[in-house]
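Enquirer: What follows is coords-v4.cif, made up of mmCIF, C-alpha atoms:
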```cif
data_structure
loop_
_atom_site.group_PDB
_atom_site.id
_atom_site.type_symbol
_atom_site.label_atom_id
_atom_site.label_comp_id
_atom_site.auth_asym_id
_atom_site.auth_seq_id
_atom_site.Cartn_x
_atom_site.Cartn_y
_atom_site.Cartn_z
ATOM 1 C CA MET A 160 15.031 -25.615 -10.458
ATOM 2 C CA THR A 161 13.174 -23.043 -12.541
ATOM 3 C CA SER A 162 10.712 -24.049 -15.231
ATOM 4 C CA SER A 163 11.568 -23.692 -18.907
ATOM 5 C CA GLY A 164 7.866 -23.541 -19.731
ATOM 6 C CA LEU A 165 8.518 -25.517 -22.911
ATOM 7 C CA THR A 166 6.660 -28.504 -24.319
ATOM 8 C CA ALA A 167 8.209 -30.856 -26.870
ATOM 9 C CA HIS A 168 5.903 -32.389 -29.461
ATOM 10 C CA VAL A 169 7.186 -35.782 -30.558
ATOM 11 C CA GLN A 170 5.937 -37.994 -33.374
ATOM 12 C CA VAL A 171 6.625 -41.695 -32.916
ATOM 13 C CA THR A 172 6.327 -43.946 -35.971
ATOM 14 C CA LEU A 173 5.985 -47.689 -35.377
ATOM 15 C CA ALA A 174 6.414 -50.601 -37.754
ATOM 16 C CA SER A 175 6.786 -54.340 -37.683
ATOM 17 C CA PRO A 176 10.355 -55.247 -38.691
ATOM 18 C CA VAL A 177 10.756 -57.010 -42.003
ATOM 19 C CA TRP A 178 13.887 -58.528 -43.494
ATOM 20 C CA LEU A 179 14.790 -56.394 -46.527
ATOM 21 C CA PRO A 180 18.323 -57.238 -47.731
ATOM 22 C CA ARG A 181 17.543 -55.627 -51.088
ATOM 23 C CA ALA A 182 17.209 -52.309 -49.215
ATOM 24 C CA LEU A 183 20.792 -52.436 -47.913
ATOM 25 C CA PRO A 184 21.992 -50.020 -50.657
ATOM 26 C CA LEU A 185 19.870 -47.311 -49.003
ATOM 27 C CA LEU A 186 22.354 -47.345 -46.121
ATOM 28 C CA ALA A 187 25.675 -45.537 -46.284
ATOM 29 C CA ASP A 188 28.865 -47.577 -46.569
ATOM 30 C CA VAL A 189 29.732 -47.026 -42.910
ATOM 31 C CA GLU A 190 26.244 -48.195 -41.888
ATOM 32 C CA GLN A 191 26.502 -51.302 -44.047
ATOM 33 C CA ALA A 192 29.910 -52.071 -42.551
ATOM 34 C CA ARG A 193 28.544 -51.624 -39.047
ATOM 35 C CA TRP A 194 25.626 -53.924 -39.834
ATOM 36 C CA ALA A 195 27.975 -56.551 -41.272
ATOM 37 C CA ARG A 196 30.040 -56.533 -38.050
ATOM 38 C CA LEU A 197 27.070 -57.557 -35.928
ATOM 39 C CA ARG A 198 27.658 -61.173 -34.954
ATOM 40 C CA ARG A 199 24.288 -62.295 -33.658
ATOM 41 C CA PRO A 200 21.516 -62.839 -36.244
ATOM 42 C CA ILE A 201 18.967 -61.359 -33.819
ATOM 43 C CA ASP A 202 20.981 -58.116 -33.698
ATOM 44 C CA ARG A 203 21.321 -57.948 -37.476
ATOM 45 C CA ASP A 204 17.616 -58.664 -37.952
ATOM 46 C CA ALA A 205 16.715 -55.822 -35.579
ATOM 47 C CA ASP A 206 19.311 -53.283 -36.735
ATOM 48 C CA LEU A 207 18.432 -53.141 -40.433
ATOM 49 C CA PRO A 208 14.660 -52.444 -40.099
ATOM 50 C CA ARG A 209 15.083 -49.676 -37.526
ATOM 51 C CA HIS A 210 17.654 -47.840 -39.657
ATOM 52 C CA LEU A 211 15.546 -48.257 -42.789
ATOM 53 C CA LEU A 212 12.527 -46.921 -40.888
ATOM 54 C CA ALA A 213 14.576 -43.916 -39.754
ATOM 55 C CA ARG A 214 15.623 -43.146 -43.331
ATOM 56 C CA LEU A 215 12.052 -43.476 -44.576
ATOM 57 C CA VAL A 216 10.508 -41.286 -41.849
ATOM 58 C CA LEU A 217 13.203 -38.612 -41.889
ATOM 59 C CA GLY A 218 13.378 -38.581 -45.688
ATOM 60 C CA ARG A 219 9.653 -37.925 -45.884
ATOM 61 C CA ARG A 220 9.863 -35.124 -43.325
ATOM 62 C CA LEU A 221 12.755 -33.444 -45.134
ATOM 63 C CA GLY A 222 11.516 -34.161 -48.654
ATOM 64 C CA MET A 223 14.603 -36.221 -49.476
ATOM 65 C CA HIS A 224 15.335 -39.657 -50.911
ATOM 66 C CA PRO A 225 16.124 -42.039 -48.011
ATOM 67 C CA ALA A 226 19.552 -42.849 -49.477
ATOM 68 C CA ALA A 227 20.462 -39.148 -49.686
ATOM 69 C CA LEU A 228 20.422 -38.673 -45.902
ATOM 70 C CA HIS A 229 23.839 -38.453 -44.277
ATOM 71 C CA PHE A 230 24.200 -39.534 -40.648
ATOM 72 C CA THR A 231 27.023 -39.129 -38.177
ATOM 73 C CA ARG A 232 27.610 -41.391 -35.181
ATOM 74 C CA ASP A 233 30.540 -39.687 -33.457
ATOM 75 C CA CYS A 234 31.198 -40.983 -29.960
ATOM 76 C CA PRO A 235 31.528 -38.079 -27.465
ATOM 77 C CA THR A 236 34.571 -39.687 -25.835
ATOM 78 C CA CYS A 237 36.588 -41.196 -28.687
ATOM 79 C CA ALA A 238 35.065 -39.650 -31.865
ATOM 80 C CA GLN A 239 34.696 -43.093 -33.430
ATOM 81 C CA PRO A 240 31.548 -43.788 -35.537
ATOM 82 C CA HIS A 241 29.623 -45.743 -32.913
ATOM 83 C CA GLY A 242 27.766 -42.998 -31.055
ATOM 84 C CA LYS A 243 24.206 -41.770 -31.248
ATOM 85 C CA PRO A 244 23.021 -41.331 -34.868
ATOM 86 C CA ARG A 245 22.448 -37.729 -35.934
ATOM 87 C CA LEU A 246 21.631 -36.017 -39.204
ATOM 88 C CA ALA A 247 24.684 -34.209 -40.547
ATOM 89 C CA ALA A 248 22.968 -31.297 -42.293
ATOM 90 C CA ALA A 249 19.583 -30.862 -40.586
ATOM 91 C CA ARG A 250 18.568 -29.747 -37.110
ATOM 92 C CA LEU A 251 16.088 -32.557 -36.648
ATOM 93 C CA CYS A 252 16.262 -34.383 -33.328
ATOM 94 C CA PHE A 253 15.391 -38.061 -33.600
ATOM 95 C CA ASN A 254 16.094 -41.436 -32.054
ATOM 96 C CA LEU A 255 15.261 -45.059 -32.839
ATOM 97 C CA SER A 256 14.558 -48.244 -30.941
ATOM 98 C CA GLY A 257 13.127 -51.706 -31.386
ATOM 99 C CA THR A 258 12.313 -54.980 -29.714
ATOM 100 C CA ALA A 259 13.597 -58.410 -30.703
ATOM 101 C CA SER A 260 12.267 -59.640 -34.028
ATOM 102 C CA ARG A 261 12.925 -63.337 -33.463
ATOM 103 C CA PRO A 262 10.328 -64.902 -31.178
ATOM 104 C CA SER A 263 11.290 -67.534 -28.669
ATOM 105 C CA PRO A 264 9.727 -71.014 -29.001
ATOM 106 C CA GLY A 265 6.005 -70.827 -28.375
ATOM 107 C CA ALA A 266 5.932 -67.018 -28.319
ATOM 108 C CA THR A 267 3.887 -64.815 -30.642
ATOM 109 C CA GLU A 268 6.085 -61.729 -30.548
ATOM 110 C CA GLN A 269 7.172 -60.489 -33.948
ATOM 111 C CA GLY A 270 9.040 -57.413 -32.815
ATOM 112 C CA LEU A 271 8.486 -53.706 -33.192
ATOM 113 C CA VAL A 272 10.677 -50.855 -34.430
ATOM 114 C CA ALA A 273 10.169 -47.162 -33.744
ATOM 115 C CA VAL A 274 11.501 -43.750 -34.687
ATOM 116 C CA ALA A 275 10.848 -40.661 -32.542
ATOM 117 C CA VAL A 276 11.152 -37.171 -34.057
ATOM 118 C CA VAL A 277 10.814 -33.854 -32.202
ATOM 119 C CA THR A 278 8.497 -31.954 -34.536
ATOM 120 C CA ASP A 279 8.434 -28.671 -32.610
ATOM 121 C CA VAL A 280 9.008 -27.098 -29.208
ATOM 122 C CA SER A 281 6.471 -24.604 -27.925
ATOM 123 C CA ARG A 282 5.452 -22.495 -24.959
ATOM 124 C CA GLU A 283 1.740 -23.057 -24.556
ATOM 125 C CA ARG A 284 -0.413 -20.065 -23.637
ATOM 126 C CA GLN A 285 -3.385 -20.574 -21.343
ATOM 127 C CA ASP A 286 -6.645 -18.599 -21.098
ATOM 128 C CA HIS A 287 -6.268 -17.240 -17.573
ATOM 129 C CA ALA A 288 -9.542 -15.284 -17.859
ATOM 130 C CA SER A 289 -11.574 -18.466 -17.777
ATOM 131 C CA SER A 290 -13.326 -19.150 -14.489
ATOM 132 C CA GLU A 291 -13.187 -22.874 -15.079
ATOM 133 C CA ARG A 292 -10.028 -24.760 -14.098
ATOM 134 C CA GLN A 293 -9.444 -26.384 -17.467
ATOM 135 C CA ASP A 294 -6.322 -26.972 -19.504
ATOM 136 C CA ARG A 295 -7.587 -25.011 -22.508
ATOM 137 C CA ARG A 296 -4.923 -23.994 -25.009
ATOM 138 C CA VAL A 297 -5.632 -20.792 -26.926
ATOM 139 C CA GLY A 298 -2.393 -20.696 -28.841
ATOM 140 C CA ARG A 299 1.305 -21.399 -28.599
ATOM 141 C CA ASN A 300 4.613 -19.778 -29.349
ATOM 142 C CA GLU A 301 6.817 -22.160 -31.328
ATOM 143 C CA PHE A 302 10.592 -22.305 -31.064
ATOM 144 C CA ALA A 303 13.198 -23.789 -33.349
ATOM 145 C CA VAL A 304 14.204 -27.344 -32.508
ATOM 146 C CA ASN A 305 17.925 -27.548 -31.793
ATOM 147 C CA ASP A 306 20.474 -29.884 -30.251
ATOM 148 C CA ALA A 307 19.359 -28.821 -26.766
ATOM 149 C CA HIS A 308 16.105 -30.700 -27.431
ATOM 150 C CA ASP A 309 17.625 -34.090 -28.105
ATOM 151 C CA VAL A 310 15.295 -37.068 -27.809
ATOM 152 C CA GLY A 311 15.582 -40.661 -26.680
ATOM 153 C CA ILE A 312 13.120 -43.498 -27.192
ATOM 154 C CA ASP A 313 13.144 -47.054 -25.926
ATOM 155 C CA LEU A 314 10.845 -50.035 -26.405
ATOM 156 C CA GLU A 315 10.981 -53.115 -24.186
ATOM 157 C CA THR A 316 8.995 -56.313 -23.881
ATOM 158 C CA VAL A 317 7.946 -57.198 -20.366
ATOM 159 C CA ALA A 318 9.855 -60.478 -20.716
ATOM 160 C CA SER A 319 13.126 -58.701 -21.544
ATOM 161 C CA THR A 320 13.788 -57.698 -17.925
ATOM 162 C CA ARG A 321 13.146 -61.119 -16.446
ATOM 163 C CA PHE A 322 16.643 -62.200 -15.560
ATOM 164 C CA GLU A 323 18.506 -62.837 -12.336
ATOM 165 C CA ASP A 324 19.893 -59.815 -10.477
ATOM 166 C CA PHE A 325 18.025 -57.324 -12.687
ATOM 167 C CA ASP A 326 16.780 -55.382 -9.655
ATOM 168 C CA GLU A 327 20.270 -54.987 -8.185
ATOM 169 C CA VAL A 328 21.863 -54.029 -11.493
ATOM 170 C CA ALA A 329 19.170 -51.783 -12.983
ATOM 171 C CA LEU A 330 16.969 -50.323 -10.248
ATOM 172 C CA HIS A 331 17.566 -47.456 -7.873
ATOM 173 C CA GLY A 332 17.029 -48.139 -4.167
ATOM 174 C CA LEU A 333 13.827 -46.078 -4.237
ATOM 175 C CA GLU A 334 12.528 -48.163 -7.123
ATOM 176 C CA ARG A 335 13.401 -51.436 -5.385
ATOM 177 C CA ALA A 336 11.448 -50.268 -2.324
ATOM 178 C CA GLU A 337 8.443 -49.380 -4.497
ATOM 179 C CA LEU A 338 8.694 -52.761 -6.219
ATOM 180 C CA GLU A 339 8.530 -54.603 -2.899
ATOM 181 C CA ALA A 340 5.280 -52.815 -2.097
ATOM 182 C CA MET A 341 3.636 -53.817 -5.393
ATOM 183 C CA PRO A 342 1.487 -56.904 -6.003
ATOM 184 C CA HIS A 343 3.558 -59.660 -7.599
ATOM 185 C CA GLY A 344 1.394 -59.622 -10.724
ATOM 186 C CA SER A 345 2.390 -56.064 -11.639
ATOM 187 C CA ARG A 346 6.116 -56.272 -10.913
ATOM 188 C CA ALA A 347 7.278 -57.586 -14.312
ATOM 189 C CA ALA A 348 5.601 -54.750 -16.227
ATOM 190 C CA SER A 349 6.934 -52.230 -13.705
ATOM 191 C CA ARG A 350 10.503 -53.446 -14.199
ATOM 192 C CA ALA A 351 10.179 -53.109 -17.972
ATOM 193 C CA THR A 352 8.654 -49.643 -17.648
ATOM 194 C CA TRP A 353 11.456 -48.441 -15.399
ATOM 195 C CA TRP A 354 14.059 -49.860 -17.759
ATOM 196 C CA ALA A 355 12.468 -48.234 -20.822
ATOM 197 C CA ARG A 356 12.484 -44.868 -19.033
ATOM 198 C CA LYS A 357 16.131 -45.181 -18.066
ATOM 199 C CA GLU A 358 17.130 -46.218 -21.580
ATOM 200 C CA ALA A 359 15.178 -43.318 -23.116
ATOM 201 C CA LEU A 360 16.861 -40.916 -20.691
ATOM 202 C CA VAL A 361 20.443 -42.026 -21.344
ATOM 203 C CA LYS A 362 19.795 -42.185 -25.098
ATOM 204 C CA ALA A 363 18.570 -38.579 -25.014
ATOM 205 C CA LEU A 364 21.690 -37.587 -23.087
ATOM 206 C CA GLY A 365 23.844 -39.575 -25.509
ATOM 207 C CA ASP A 366 25.765 -41.097 -22.602
ATOM 208 C CA GLY A 367 24.662 -44.684 -23.061
ATOM 209 C CA LEU A 368 26.266 -47.209 -20.749
ATOM 210 C CA ARG A 369 28.530 -44.609 -19.148
ATOM 211 C CA ILE A 370 25.669 -43.873 -16.725
ATOM 212 C CA ASP A 371 24.947 -46.492 -14.071
ATOM 213 C CA PRO A 372 21.193 -47.209 -14.416
ATOM 214 C CA ALA A 373 20.963 -47.950 -10.692
ATOM 215 C CA THR A 374 21.749 -44.279 -9.996
ATOM 216 C CA ILE A 375 18.638 -43.127 -11.888
ATOM 217 C CA ALA A 376 15.253 -43.207 -10.177
ATOM 218 C CA THR A 377 11.983 -42.390 -11.907
ATOM 219 C CA THR A 378 8.429 -42.234 -10.609
ATOM 220 C CA ALA A 379 6.509 -45.415 -9.936
ATOM 221 C CA PRO A 380 4.931 -46.883 -13.110
ATOM 222 C CA ALA A 381 1.510 -46.624 -11.466
ATOM 223 C CA ALA A 382 1.881 -42.845 -11.233
ATOM 224 C CA ALA A 383 0.549 -40.607 -13.997
ATOM 225 C CA SER A 384 3.434 -39.986 -16.369
ATOM 226 C CA ASP A 385 1.963 -38.227 -19.394
ATOM 227 C CA GLY A 386 4.829 -35.832 -19.876
ATOM 228 C CA SER A 387 5.565 -35.744 -16.152
ATOM 229 C CA ARG A 388 8.749 -33.970 -15.236
ATOM 230 C CA LEU A 389 11.528 -35.658 -13.297
ATOM 231 C CA SER A 390 12.222 -34.136 -9.903
ATOM 232 C CA PRO A 391 15.629 -32.499 -9.287
ATOM 233 C CA ARG A 392 16.838 -35.336 -7.073
ATOM 234 C CA LEU A 393 16.592 -37.753 -9.993
ATOM 235 C CA LEU A 394 18.842 -35.601 -12.175
ATOM 236 C CA GLU A 395 21.312 -34.501 -9.503
ATOM 237 C CA PRO A 396 24.211 -36.618 -10.843
ATOM 238 C CA TYR A 397 23.891 -35.054 -14.319
ATOM 239 C CA ARG A 398 22.991 -31.429 -13.557
ATOM 240 C CA TRP A 399 20.634 -31.213 -16.527
ATOM 241 C CA PRO A 400 18.356 -28.199 -15.901
ATOM 242 C CA HIS A 401 15.302 -29.391 -17.851
ATOM 243 C CA LEU A 402 14.286 -32.865 -18.954
ATOM 244 C CA ALA A 403 10.921 -34.590 -19.364
ATOM 245 C CA LEU A 404 9.799 -38.214 -19.688
ATOM 246 C CA ALA A 405 6.562 -39.659 -21.040
ATOM 247 C CA ASP A 406 5.478 -43.283 -21.179
ATOM 248 C CA LEU A 407 4.748 -44.624 -24.646
ATOM 249 C CA HIS A 408 1.592 -46.685 -24.387
ATOM 250 C CA VAL A 409 1.703 -49.264 -27.161
ATOM 251 C CA ALA A 410 0.295 -52.282 -25.317
ATOM 252 C CA GLY A 411 -3.205 -51.827 -26.735
ATOM 253 C CA LEU A 412 -2.182 -50.770 -30.206
ATOM 254 C CA GLN A 413 -3.651 -52.886 -32.974
ATOM 255 C CA ASP A 414 -3.320 -52.327 -36.681
ATOM 256 C CA ALA A 415 -3.131 -54.245 -39.932
ATOM 257 C CA HIS A 416 0.672 -54.283 -39.739
ATOM 258 C CA VAL A 417 1.367 -53.852 -36.002
ATOM 259 C CA ARG A 418 -0.539 -56.167 -33.701
ATOM 260 C CA VAL A 419 0.949 -55.417 -30.315
ATOM 261 C CA GLY A 420 -2.434 -55.784 -28.651
ATOM 262 C CA ALA A 421 -2.500 -59.485 -29.547
ATOM 263 C CA LEU A 422 0.670 -60.299 -27.632
ATOM 264 C CA GLU A 423 0.733 -62.413 -24.515
ATOM 265 C CA PRO A 424 1.234 -60.431 -21.262
ATOM 266 C CA ALA A 425 4.899 -61.453 -20.952
ATOM 267 C CA GLU A 426 5.528 -60.233 -24.511
ATOM 268 C CA ARG A 427 3.698 -56.944 -24.038
ATOM 269 C CA VAL A 428 5.614 -53.880 -25.189
ATOM 270 C CA VAL A 429 6.180 -50.852 -23.005
ATOM 271 C CA GLY A 430 8.116 -47.755 -23.929
ATOM 272 C CA ALA A 431 9.213 -44.272 -22.985
ATOM 273 C CA VAL A 432 10.216 -41.030 -24.678
ATOM 274 C CA CYS A 433 12.606 -38.488 -23.144
ATOM 275 C CA VAL A 434 13.366 -34.968 -24.406
ATOM 276 C CA LEU A 435 16.005 -32.574 -23.117
ATOM 277 C CA GLY A 436 15.514 -28.861 -22.493
ATOM 278 C CA VAL A 437 11.745 -29.026 -21.877
ATOM 279 C CA ASP A 438 9.298 -29.531 -19.024
ATOM 280 C CA ARG A 439 6.688 -31.589 -20.829
ATOM 281 C CA VAL A 440 6.435 -34.131 -23.654
ATOM 282 C CA ARG A 441 3.385 -34.655 -25.858
ATOM 283 C CA VAL A 442 3.593 -37.805 -27.978
ATOM 284 C CA THR A 443 1.664 -38.601 -31.149
ATOM 285 C CA VAL A 444 1.906 -42.220 -32.334
ATOM 286 C CA GLU A 445 1.727 -43.161 -36.011
ATOM 287 C CA PRO A 446 1.124 -46.915 -36.040
ATOM 288 C CA GLY A 447 1.233 -49.549 -38.678
ATOM 289 C CA LEU A 448 3.646 -48.217 -41.269
ATOM 290 C CA ASP A 449 4.245 -50.998 -43.801
ATOM 291 C CA LEU A 450 8.027 -50.903 -44.150
ATOM 292 C CA ALA A 451 8.253 -53.263 -47.157
ATOM 293 C CA ARG A 452 5.504 -51.471 -49.101
ATOM 294 C CA ASP A 453 6.664 -47.932 -48.369
ATOM 295 C CA LEU A 454 10.320 -48.677 -49.191
ATOM 296 C CA GLU A 455 9.435 -50.386 -52.462
ATOM 297 C CA PRO A 456 9.734 -47.188 -54.598
ATOM 298 C CA TYR A 457 13.317 -46.711 -53.403
ATOM 299 C CA VAL A 458 14.757 -50.225 -53.851
#
```
What does this structure look like when you write it as structure tokens?

Expert:
Amino acid sequence: MTSSGLTAHVQVTLASPVWLPRALPLLADVEQARWARLRRPIDRDADLPRHLLARLVLGRRLGMHPAALHFTRDCPTCAQPHGKPRLAAARLCFNLSGTASRPSPGATEQGLVAVAVVTDVSRERQDHASSERQDRRVGRNEFAVNDAHDVGIDLETVASTRFEDFDEVALHGLERAELEAMPHGSRAASRATWWARKEALVKALGDGLRIDPATIATTAPAAASDGSRLSPRLLEPYRWPHLALADLHVAGLQDAHVRVGALEPAERVVGAVCVLGVDRVRVTVEPGLDLARDLEPYV
């Protein structure tokens, strides 16, 4: 597999989910109808904040009112409006995710929502004349972001993967072998990390549950993964020439509005970002956006 030499720069905006029924008019009719069809309160509570956050973040980037954005959700197999959300009239690659916003009894988790946007794709130039082996960037050639650079993001709490048969259903044989070699105390976080990576990957591909997660193997969570590239064997079933994953480290994040660092270990949040058509991902995190305050001018 040849290298594309490209790096995707991704901005991730985080917020604590808040219940804002008065902001429903910011959503399109089809989005409101989709939200109304959700049966479980926990799903409805999570769905509204993440879509409002997406409209706020993307509206700011495009200089548009959040309600003026038009999204499509065409399914690649049946063309029904339940696929990956995309902007209809702008080549801006984005994706959204979130954790549960209703804590279980005795838990402190209040949930987290996120939007990832590919801000640019570049080929970084290095100073080869330097005698020191340093990663010094002296400039970069930027390229237009297009559909080939689609992005996926996923957030998971460590507790979310603690259910019977998770390993058999979700993990590749290589991952299960690595898990067996780990200390018991680190296995729960490793499971969540693997799952977040797989979810980010399939969300970037737009294939969702049509891909068996047990056929995807990623590197061990203990390995350095700052933009690390997946090896060809991991992508063999999908024949995608270039794809990069990066872990999203939010466990220590602490802000006036997002207090992930205060969570108990079982409620800790892990995440991953995946971008297509590149060899490396650089992630910038914007924490603590106050969704209720920043939406107030629009509702």

Enquirer: Within 10 Å of Ala227 (chain A), counting all atoms listed in the file, which residues qualify if same-chain residues fewer than 5 places away don't, as a list of chain:residue names?

Expert: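 Result of the neighbour search: A:Leu185, A:Leu186, A:Ala187, A:Arg214, A:Gly218.
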
Enquirer: With all atoms listed in the file as the basis for distance, which of A:Asp233, A:Asp309, A:Asp188, A:Asp204 is at the shortest distance from Asn254 (chain A)?

Expert: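 Result for the nearest residue to Asn254 (chain A): A:Asp309.
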
Enquirer: Which residues, written as a ChimeraX atom specification, have at least one atom at most 7 Å from Thr166 (chain A), with all atoms listed in the file counted and residues fewer than 2 positions away on the same chain left out?

Expert: /A:164,168,280-282,437-440

Enquirer: Between A:Pro372, A:Asp324, A:Asp453, A:Gln170, single out the one closest to Ala359 (chain A), counting all atoms listed in the file.

Expert: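 So, comparing all the options, the nearest one is A:Pro372.
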
Enquirer: Residues within 9 Å of Ala347 (chain A), please, as a list in words. Count only C-alpha atoms; anything in the same chain fewer than 4 positions from it doesn't count.

Expert: Val317, Ala318, Thr320, Arg321, His343, Ala351, Thr352 and Ala425 of chain A

Enquirer: Between CA of Leu212 (chain A) and CA of Ala307 (chain A), what is the distance, to one decimal in Å?

Expert: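 Distance reported for this atom pair: 24.0 Å.
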
Enquirer: Run the PyMOL selection byres ((chain A and resi 403) around 6) mentally over the shown coordinates, then write out the matched residues as a PyMOL selection string, using the chain letters and numbers from the document.

Expert: chain A and resi 388+402+404+433-434+438-439

Enquirer: Taking all atoms listed in the file into account, name the residue in A:Ala405, A:Ala174, A:Leu251, A:Ala451 that is nearest to Arg209 (chain A).

Expert: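 Ranking A:Ala405, A:Ala174, A:Leu251, A:Ala451 by distance to Arg209 (chain A), first place goes to A:Ala174.
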
Enquirer: Of the candidates A:Leu255, A:Ala363, A:Leu407, A:Met223, which one gets nearest to Ala205 (chain A) if we count all atoms listed in the file?

Expert: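 Among the listed residues, A:Leu255 lies closest to Ala205 (chain A).
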
Enquirer: So that I can see what lies close to Val169 (chain A), please list as a VMD selection string the residues with an atom at most 6 Å from it, counting all atoms listed in the file and leaving out residues fewer than 3 positions away in the same chain.

Expert: chain A and resid 276 to 278 442

Enquirer: Which one is closest to Arg427 (chain A): A:Arg203, A:Ala348, A:Glu323, A:Val274? Count all atoms listed in the file.

Expert: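 Distance minimum relative to Arg427 (chain A) lands on A:Ala348.
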
Enquirer: Between CA of Leu221 (chain A) and CA of Phe253 (chain A), what is the distance in Å, rounded to a tenth?

Expert: 12.7 Å

Enquirer: Apply the PyMOL selection byres ((chain A and resi 173) around 6) to the structure shown and report the selected residues as a list of chain:residue names.

Expert: A:Thr172, A:Ala174, A:Val272, A:Ala273, A:Pro446

Enquirer: Got a sec to resolve the PyMOL selection byres ((chain A and resi 228) around 12) on this structure and send the residues as a PyMOL selection string?

Expert: chain A and resi 185-187+190+210-211+213-227+229-231+244-249+251

Enquirer: Give me, please, the distance in Å between CA of Asp206 (chain A) and CA of Glu327 (chain A), quoted to one decimal.

Expert: 28.6 Å

Enquirer: Can you tell me, as a tab-separated table (two decimals) with C-alpha atoms, keeping the file's coordinate frame, what residues are no more than 8 Å from Thr258 (chain A) when counting all atoms listed in the file, ignoring any on the same chain fewer than 3 positions away?

Expert:
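Written file, part35.tsv:
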```tsv
chain	number	residue	atom	x	y	z
A	205	ALA	CA	16.72	-55.82	-35.58
A	270	GLY	CA	9.04	-57.41	-32.82
A	271	LEU	CA	8.49	-53.71	-33.19
A	272	VAL	CA	10.68	-50.86	-34.43
A	314	LEU	CA	10.84	-50.04	-26.40
A	315	GLU	CA	10.98	-53.12	-24.19
A	316	THR	CA	8.99	-56.31	-23.88
```

Enquirer: Out of A:Gly242, A:Gly430, A:Pro342, A:Pro200, which residue has the shortest atom-to-atom distance to Val171 (chain A) when counting only C-alpha atoms?

Expert: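 Among A:Gly242, A:Gly430, A:Pro342, A:Pro200, it is A:Gly430 that comes nearest to Val171 (chain A).
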
Enquirer: Please complete region 303-314 of chain A so it has N, CA, C and O atoms, and hand it over as a PDB file, in the frame of the given file.

Expert:
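Result written to selection36.pdb:
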```
ATOM      1  N   ALA A 303      12.437 -22.899 -32.484  1.00  0.00           N
ATOM      2  CA  ALA A 303      13.198 -23.789 -33.349  1.00  0.00           C
ATOM      3  C   ALA A 303      13.736 -24.965 -32.551  1.00  0.00           C
ATOM      4  O   ALA A 303      14.216 -24.806 -31.428  1.00  0.00           O
ATOM      5  N   VAL A 304      13.632 -26.156 -33.130  1.00  0.00           N
ATOM      6  CA  VAL A 304      14.204 -27.344 -32.508  1.00  0.00           C
ATOM      7  C   VAL A 304      15.713 -27.320 -32.723  1.00  0.00           C
ATOM      8  O   VAL A 304      16.187 -27.084 -33.835  1.00  0.00           O
ATOM      9  N   ASN A 305      16.476 -27.527 -31.662  1.00  0.00           N
ATOM     10  CA  ASN A 305      17.925 -27.548 -31.793  1.00  0.00           C
ATOM     11  C   ASN A 305      18.492 -28.692 -30.964  1.00  0.00           C
ATOM     12  O   ASN A 305      17.753 -29.471 -30.382  1.00  0.00           O
ATOM     13  N   ASP A 306      19.822 -28.770 -30.929  1.00  0.00           N
ATOM     14  CA  ASP A 306      20.474 -29.884 -30.251  1.00  0.00           C
ATOM     15  C   ASP A 306      20.154 -29.941 -28.767  1.00  0.00           C
ATOM     16  O   ASP A 306      20.341 -30.979 -28.135  1.00  0.00           O
ATOM     17  N   ALA A 307      19.712 -28.827 -28.184  1.00  0.00           N
ATOM     18  CA  ALA A 307      19.359 -28.821 -26.766  1.00  0.00           C
ATOM     19  C   ALA A 307      18.086 -29.607 -26.501  1.00  0.00           C
ATOM     20  O   ALA A 307      17.758 -29.894 -25.351  1.00  0.00           O
ATOM     21  N   HIS A 308      17.352 -29.958 -27.568  1.00  0.00           N
ATOM     22  CA  HIS A 308      16.105 -30.700 -27.431  1.00  0.00           C
ATOM     23  C   HIS A 308      16.262 -32.122 -27.953  1.00  0.00           C
ATOM     24  O   HIS A 308      15.369 -32.659 -28.621  1.00  0.00           O
ATOM     25  N   ASP A 309      17.376 -32.729 -27.650  1.00  0.00           N
ATOM     26  CA  ASP A 309      17.625 -34.090 -28.105  1.00  0.00           C
ATOM     27  C   ASP A 309      16.603 -35.038 -27.501  1.00  0.00           C
ATOM     28  O   ASP A 309      16.074 -34.807 -26.401  1.00  0.00           O
ATOM     29  N   VAL A 310      16.359 -36.139 -28.204  1.00  0.00           N
ATOM     30  CA  VAL A 310      15.295 -37.068 -27.809  1.00  0.00           C
ATOM     31  C   VAL A 310      15.859 -38.473 -27.684  1.00  0.00           C
ATOM     32  O   VAL A 310      16.818 -38.839 -28.372  1.00  0.00           O
ATOM     33  N   GLY A 311      15.270 -39.243 -26.808  1.00  0.00           N
ATOM     34  CA  GLY A 311      15.582 -40.661 -26.680  1.00  0.00           C
ATOM     35  C   GLY A 311      14.294 -41.457 -26.612  1.00  0.00           C
ATOM     36  O   GLY A 311      13.314 -41.008 -26.027  1.00  0.00           O
ATOM     37  N   ILE A 312      14.287 -42.616 -27.250  1.00  0.00           N
ATOM     38  CA  ILE A 312      13.120 -43.498 -27.192  1.00  0.00           C
ATOM     39  C   ILE A 312      13.602 -44.911 -26.925  1.00  0.00           C
ATOM     40  O   ILE A 312      14.680 -45.320 -27.383  1.00  0.00           O
ATOM     41  N   ASP A 313      12.803 -45.651 -26.164  1.00  0.00           N
ATOM     42  CA  ASP A 313      13.144 -47.054 -25.926  1.00  0.00           C
ATOM     43  C   ASP A 313      11.873 -47.881 -25.847  1.00  0.00           C
ATOM     44  O   ASP A 313      10.873 -47.458 -25.252  1.00  0.00           O
ATOM     45  N   LEU A 314      11.908 -49.052 -26.479  1.00  0.00           N
ATOM     46  CA  LEU A 314      10.845 -50.035 -26.405  1.00  0.00           C
ATOM     47  C   LEU A 314      11.387 -51.282 -25.731  1.00  0.00           C
ATOM     48  O   LEU A 314      12.511 -51.696 -25.993  1.00  0.00           O
TER      49      LEU A 314
END
```
